[in-house]
Amino acid sequence: MATSELKTRLDAEIKQALKAGDKVRLGALRMLSAGITNREKDVLHDLSDDEVREVAAREVKRRSESIEAFSAAGREELVAKERSEREALADYAPEQLTEQQLDAIIDEAIAATSATSLKEMGAVMGAVMAKAKGKADGNAVQAKVKAKLGA
């Protein structure tokens, strides 16, 4: 199996960051590379570009969660570092859905499951997350579904 284009690009960008002395970007890209390697060991095959994007999406989400936690604690220097890392990884993550696209997927899922109350929220969430996998934050989707089902 050929090496994915994203992994090849990642290796090149790691070398570039190393030469440029960009420690934050280098650290983030190396962390992504390690995550990819660990995932390959788990699934016992080379990852495709889509699978690499899934790993990158997880890393971006971790950075976003860290940014929230550090902001709440008033640790602005760590917030800035995490934002820089998130920006470095964003090129590898799937493109996020717009609000309109997400609303359309939720409306479609509600219609498909015939959901009318919060009791059917699980079915709606399952349908939405299957379509929006890695392209939307689960908490944001949950909030929108709750609002549409009348919470």
# chains A, B, ... in the order shown; residues from 1 in each chain; ligands from 1
>>> select_by_dssp(residues="range 17-136 of chain A", states="helix (DSSP H, G or I)", output="ChimeraX atom specification")
/A:17-20,23-43,49-72,76-90,99-113,118-131
>>> residues_around(residues="range 119-122 of chain A", least_positions_apart="2", cutoff="8 Å", atoms="only C-alpha atoms", output="list in words")
Ala115, Thr116, Ser117, Val124, Met125, Gly126, Val145, Lys146 and Leu149 of chain A
>>> residues_around(residues="Ser84 in chain A", least_positions_apart="5", cutoff="10 Å", atoms="only C-alpha atoms", output="list in words")
Val24, Arg25, Ala28, Arg63, Leu78, Val79, Leu89 and Ala90 of chain A
>>> closest_residue(among="A:Leu26, A:Ala80, A:Ile36, A:Ala17", to="Ser4 in chain A", atoms="only C-alpha atoms")
A:Ile36
>>> residues_around(residues="range 50-58 of chain A", least_positions_apart="6", cutoff="12 Å", atoms="only C-alpha atoms", output="PyMOL selection string")
chain A and resi 3-10+28-40+43+64-65+85-96+132-138
>>> write_last_selection(atoms="C-alpha atoms", output="compact mmCIF listing (two decimals), in the first residue's frame")
# COMPACT_ATOMS: atom_id res chain seq x y z
CA THR A 3 2.04 6.02 1.69
CA SER A 4 -0.81 8.49 1.98
CA GLU A 5 -0.30 11.98 0.57
CA LEU A 6 -1.01 13.53 3.97
CA LYS A 7 1.68 11.45 5.69
CA THR A 8 4.19 12.42 3.00
CA ARG A 9 3.23 16.09 3.41
CA LEU A 10 3.46 15.76 7.20
CA ALA A 28 2.44 19.68 17.16
CA LEU A 29 3.38 17.96 13.90
CA ARG A 30 5.50 15.37 15.71
CA MET A 31 2.61 14.69 18.08
CA LEU A 32 0.34 14.11 15.06
CA SER A 33 2.95 11.82 13.51
CA ALA A 34 3.15 9.81 16.74
CA GLY A 35 -0.64 9.60 16.86
CA ILE A 36 -0.69 8.29 13.31
CA THR A 37 1.97 5.69 14.10
CA ASN A 38 0.07 4.55 17.21
CA ARG A 39 -3.16 4.26 15.21
CA GLU A 40 -1.37 2.22 12.54
CA VAL A 43 -5.31 -1.25 13.17
CA SER A 64 -9.62 23.01 21.62
CA GLU A 65 -10.47 21.38 24.94
CA GLU A 85 -0.59 23.97 17.73
CA ARG A 86 -4.24 23.77 16.68
CA GLU A 87 -3.51 26.00 13.67
CA ALA A 88 -0.59 23.76 12.68
CA LEU A 89 -2.83 20.68 12.82
CA ALA A 90 -5.91 22.23 11.20
CA ASP A 91 -4.57 21.60 7.67
CA TYR A 92 -4.67 17.86 8.34
CA ALA A 93 -8.13 17.70 9.94
CA PRO A 94 -11.32 17.42 7.91
CA GLU A 95 -12.91 20.73 6.98
CA GLN A 96 -15.57 21.63 9.53
CA ALA A 132 -20.79 14.61 10.17
CA LYS A 133 -18.06 12.29 11.44
CA GLY A 134 -15.05 14.42 12.32
CA LYS A 135 -16.55 17.46 10.63
CA ALA A 136 -18.57 18.80 13.57
CA ASP A 137 -18.11 19.03 17.33
CA GLY A 138 -20.38 16.59 19.13
>>> closest_residue(among="A:His45, A:Lys131, A:Arg75, A:Lys81", to="Asp22 in chain A", atoms="only C-alpha atoms")
A:Lys81
>>> atom_distance(atom1="CA of Gln100 in chain A", atom2="CA of Val141 in chain A")
12.2 Å
>>> atom_distance(atom1="CA of Ala140 in chain A", atom2="CA of Arg83 in chain A")
19.5 Å
>>> atom_distance(atom1="CA of Glu99 in chain A", atom2="CA of Ala112 in chain A")
19.8 Å
>>> closest_residue(among="A:Ile14, A:Glu59, A:Ala104, A:Leu97", to="Glu82 in chain A", atoms="only C-alpha atoms")
A:Glu59
>>> decode(residues="range 9-36 of chain A", atoms="N, CA, C and O atoms", output="PDB file, in the first residue's frame")
ATOM      1  N   ARG A   9       3.207  14.650   3.165  1.00  0.00           N
ATOM      2  CA  ARG A   9       3.228  16.088   3.410  1.00  0.00           C
ATOM      3  C   ARG A   9       3.621  16.393   4.850  1.00  0.00           C
ATOM      4  O   ARG A   9       4.376  17.333   5.121  1.00  0.00           O
ATOM      5  N   LEU A  10       3.135  15.587   5.785  1.00  0.00           N
ATOM      6  CA  LEU A  10       3.461  15.763   7.199  1.00  0.00           C
ATOM      7  C   LEU A  10       4.957  15.629   7.431  1.00  0.00           C
ATOM      8  O   LEU A  10       5.570  16.459   8.110  1.00  0.00           O
ATOM      9  N   ASP A  11       5.559  14.601   6.843  1.00  0.00           N
ATOM     10  CA  ASP A  11       7.013  14.414   6.980  1.00  0.00           C
ATOM     11  C   ASP A  11       7.779  15.620   6.444  1.00  0.00           C
ATOM     12  O   ASP A  11       8.740  16.086   7.064  1.00  0.00           O
ATOM     13  N   ALA A  12       7.346  16.133   5.304  1.00  0.00           N
ATOM     14  CA  ALA A  12       8.007  17.300   4.705  1.00  0.00           C
ATOM     15  C   ALA A  12       7.849  18.524   5.605  1.00  0.00           C
ATOM     16  O   ALA A  12       8.805  19.296   5.787  1.00  0.00           O
ATOM     17  N   GLU A  13       6.668  18.722   6.180  1.00  0.00           N
ATOM     18  CA  GLU A  13       6.437  19.879   7.036  1.00  0.00           C
ATOM     19  C   GLU A  13       7.193  19.774   8.353  1.00  0.00           C
ATOM     20  O   GLU A  13       7.593  20.790   8.921  1.00  0.00           O
ATOM     21  N   ILE A  14       7.384  18.554   8.847  1.00  0.00           N
ATOM     22  CA  ILE A  14       8.195  18.364  10.056  1.00  0.00           C
ATOM     23  C   ILE A  14       9.629  18.808   9.780  1.00  0.00           C
ATOM     24  O   ILE A  14      10.234  19.539  10.573  1.00  0.00           O
ATOM     25  N   LYS A  15      10.169  18.403   8.637  1.00  0.00           N
ATOM     26  CA  LYS A  15      11.536  18.802   8.269  1.00  0.00           C
ATOM     27  C   LYS A  15      11.630  20.311   8.111  1.00  0.00           C
ATOM     28  O   LYS A  15      12.605  20.936   8.545  1.00  0.00           O
ATOM     29  N   GLN A  16      10.609  20.901   7.502  1.00  0.00           N
ATOM     30  CA  GLN A  16      10.569  22.353   7.298  1.00  0.00           C
ATOM     31  C   GLN A  16      10.547  23.092   8.640  1.00  0.00           C
ATOM     32  O   GLN A  16      11.282  24.065   8.829  1.00  0.00           O
ATOM     33  N   ALA A  17       9.717  22.639   9.561  1.00  0.00           N
ATOM     34  CA  ALA A  17       9.616  23.276  10.877  1.00  0.00           C
ATOM     35  C   ALA A  17      10.917  23.120  11.656  1.00  0.00           C
ATOM     36  O   ALA A  17      11.342  24.029  12.370  1.00  0.00           O
ATOM     37  N   LEU A  18      11.567  21.975  11.480  1.00  0.00           N
ATOM     38  CA  LEU A  18      12.851  21.733  12.141  1.00  0.00           C
ATOM     39  C   LEU A  18      13.905  22.706  11.634  1.00  0.00           C
ATOM     40  O   LEU A  18      14.623  23.338  12.419  1.00  0.00           O
ATOM     41  N   LYS A  19      13.981  22.869  10.313  1.00  0.00           N
ATOM     42  CA  LYS A  19      14.947  23.790   9.718  1.00  0.00           C
ATOM     43  C   LYS A  19      14.656  25.238  10.110  1.00  0.00           C
ATOM     44  O   LYS A  19      15.570  26.029  10.308  1.00  0.00           O
ATOM     45  N   ALA A  20      13.361  25.585  10.217  1.00  0.00           N
ATOM     46  CA  ALA A  20      12.973  26.958  10.545  1.00  0.00           C
ATOM     47  C   ALA A  20      13.093  27.250  12.044  1.00  0.00           C
ATOM     48  O   ALA A  20      13.037  28.403  12.452  1.00  0.00           O
ATOM     49  N   GLY A  21      13.252  26.210  12.839  1.00  0.00           N
ATOM     50  CA  GLY A  21      13.363  26.397  14.284  1.00  0.00           C
ATOM     51  C   GLY A  21      12.029  26.724  14.945  1.00  0.00           C
ATOM     52  O   GLY A  21      11.990  27.297  16.026  1.00  0.00           O
ATOM     53  N   ASP A  22      10.926  26.363  14.294  1.00  0.00           N
ATOM     54  CA  ASP A  22       9.583  26.625  14.811  1.00  0.00           C
ATOM     55  C   ASP A  22       9.209  25.493  15.774  1.00  0.00           C
ATOM     56  O   ASP A  22       8.625  24.479  15.381  1.00  0.00           O
ATOM     57  N   LYS A  23       9.550  25.679  17.052  1.00  0.00           N
ATOM     58  CA  LYS A  23       9.397  24.605  18.033  1.00  0.00           C
ATOM     59  C   LYS A  23       7.944  24.221  18.296  1.00  0.00           C
ATOM     60  O   LYS A  23       7.640  23.044  18.459  1.00  0.00           O
ATOM     61  N   VAL A  24       7.056  25.195  18.335  1.00  0.00           N
ATOM     62  CA  VAL A  24       5.644  24.893  18.619  1.00  0.00           C
ATOM     63  C   VAL A  24       5.047  24.072  17.484  1.00  0.00           C
ATOM     64  O   VAL A  24       4.409  23.041  17.708  1.00  0.00           O
ATOM     65  N   ARG A  25       5.250  24.526  16.249  1.00  0.00           N
ATOM     66  CA  ARG A  25       4.731  23.804  15.082  1.00  0.00           C
ATOM     67  C   ARG A  25       5.364  22.414  14.992  1.00  0.00           C
ATOM     68  O   ARG A  25       4.671  21.428  14.739  1.00  0.00           O
ATOM     69  N   LEU A  26       6.663  22.348  15.223  1.00  0.00           N
ATOM     70  CA  LEU A  26       7.370  21.071  15.168  1.00  0.00           C
ATOM     71  C   LEU A  26       6.795  20.095  16.188  1.00  0.00           C
ATOM     72  O   LEU A  26       6.533  18.924  15.866  1.00  0.00           O
ATOM     73  N   GLY A  27       6.565  20.573  17.403  1.00  0.00           N
ATOM     74  CA  GLY A  27       6.005  19.715  18.450  1.00  0.00           C
ATOM     75  C   GLY A  27       4.623  19.192  18.086  1.00  0.00           C
ATOM     76  O   GLY A  27       4.326  18.008  18.283  1.00  0.00           O
ATOM     77  N   ALA A  28       3.800  20.078  17.545  1.00  0.00           N
ATOM     78  CA  ALA A  28       2.442  19.679  17.162  1.00  0.00           C
ATOM     79  C   ALA A  28       2.472  18.641  16.037  1.00  0.00           C
ATOM     80  O   ALA A  28       1.743  17.643  16.078  1.00  0.00           O
ATOM     81  N   LEU A  29       3.300  18.890  15.038  1.00  0.00           N
ATOM     82  CA  LEU A  29       3.375  17.956  13.904  1.00  0.00           C
ATOM     83  C   LEU A  29       3.960  16.610  14.326  1.00  0.00           C
ATOM     84  O   LEU A  29       3.509  15.561  13.856  1.00  0.00           O
ATOM     85  N   ARG A  30       4.943  16.632  15.216  1.00  0.00           N
ATOM     86  CA  ARG A  30       5.503  15.375  15.713  1.00  0.00           C
ATOM     87  C   ARG A  30       4.468  14.599  16.524  1.00  0.00           C
ATOM     88  O   ARG A  30       4.402  13.371  16.465  1.00  0.00           O
ATOM     89  N   MET A  31       3.658  15.333  17.295  1.00  0.00           N
ATOM     90  CA  MET A  31       2.607  14.686  18.078  1.00  0.00           C
ATOM     91  C   MET A  31       1.600  14.021  17.145  1.00  0.00           C
ATOM     92  O   MET A  31       1.154  12.904  17.391  1.00  0.00           O
ATOM     93  N   LEU A  32       1.255  14.696  16.055  1.00  0.00           N
ATOM     94  CA  LEU A  32       0.344  14.113  15.064  1.00  0.00           C
ATOM     95  C   LEU A  32       0.975  12.873  14.437  1.00  0.00           C
ATOM     96  O   LEU A  32       0.314  11.840  14.284  1.00  0.00           O
ATOM     97  N   SER A  33       2.247  12.957  14.104  1.00  0.00           N
ATOM     98  CA  SER A  33       2.949  11.815  13.506  1.00  0.00           C
ATOM     99  C   SER A  33       2.949  10.615  14.463  1.00  0.00           C
ATOM    100  O   SER A  33       2.715   9.479  14.048  1.00  0.00           O
ATOM    101  N   ALA A  34       3.170  10.889  15.741  1.00  0.00           N
ATOM    102  CA  ALA A  34       3.151   9.814  16.739  1.00  0.00           C
ATOM    103  C   ALA A  34       1.749   9.222  16.865  1.00  0.00           C
ATOM    104  O   ALA A  34       1.587   7.998  16.975  1.00  0.00           O
ATOM    105  N   GLY A  35       0.734  10.078  16.808  1.00  0.00           N
ATOM    106  CA  GLY A  35      -0.644   9.596  16.864  1.00  0.00           C
ATOM    107  C   GLY A  35      -0.972   8.703  15.680  1.00  0.00           C
ATOM    108  O   GLY A  35      -1.657   7.689  15.817  1.00  0.00           O
ATOM    109  N   ILE A  36      -0.472   9.081  14.519  1.00  0.00           N
ATOM    110  CA  ILE A  36      -0.694   8.289  13.306  1.00  0.00           C
ATOM    111  C   ILE A  36      -0.013   6.928  13.447  1.00  0.00           C
ATOM    112  O   ILE A  36      -0.598   5.889  13.150  1.00  0.00           O
TER     113      ILE A  36
END
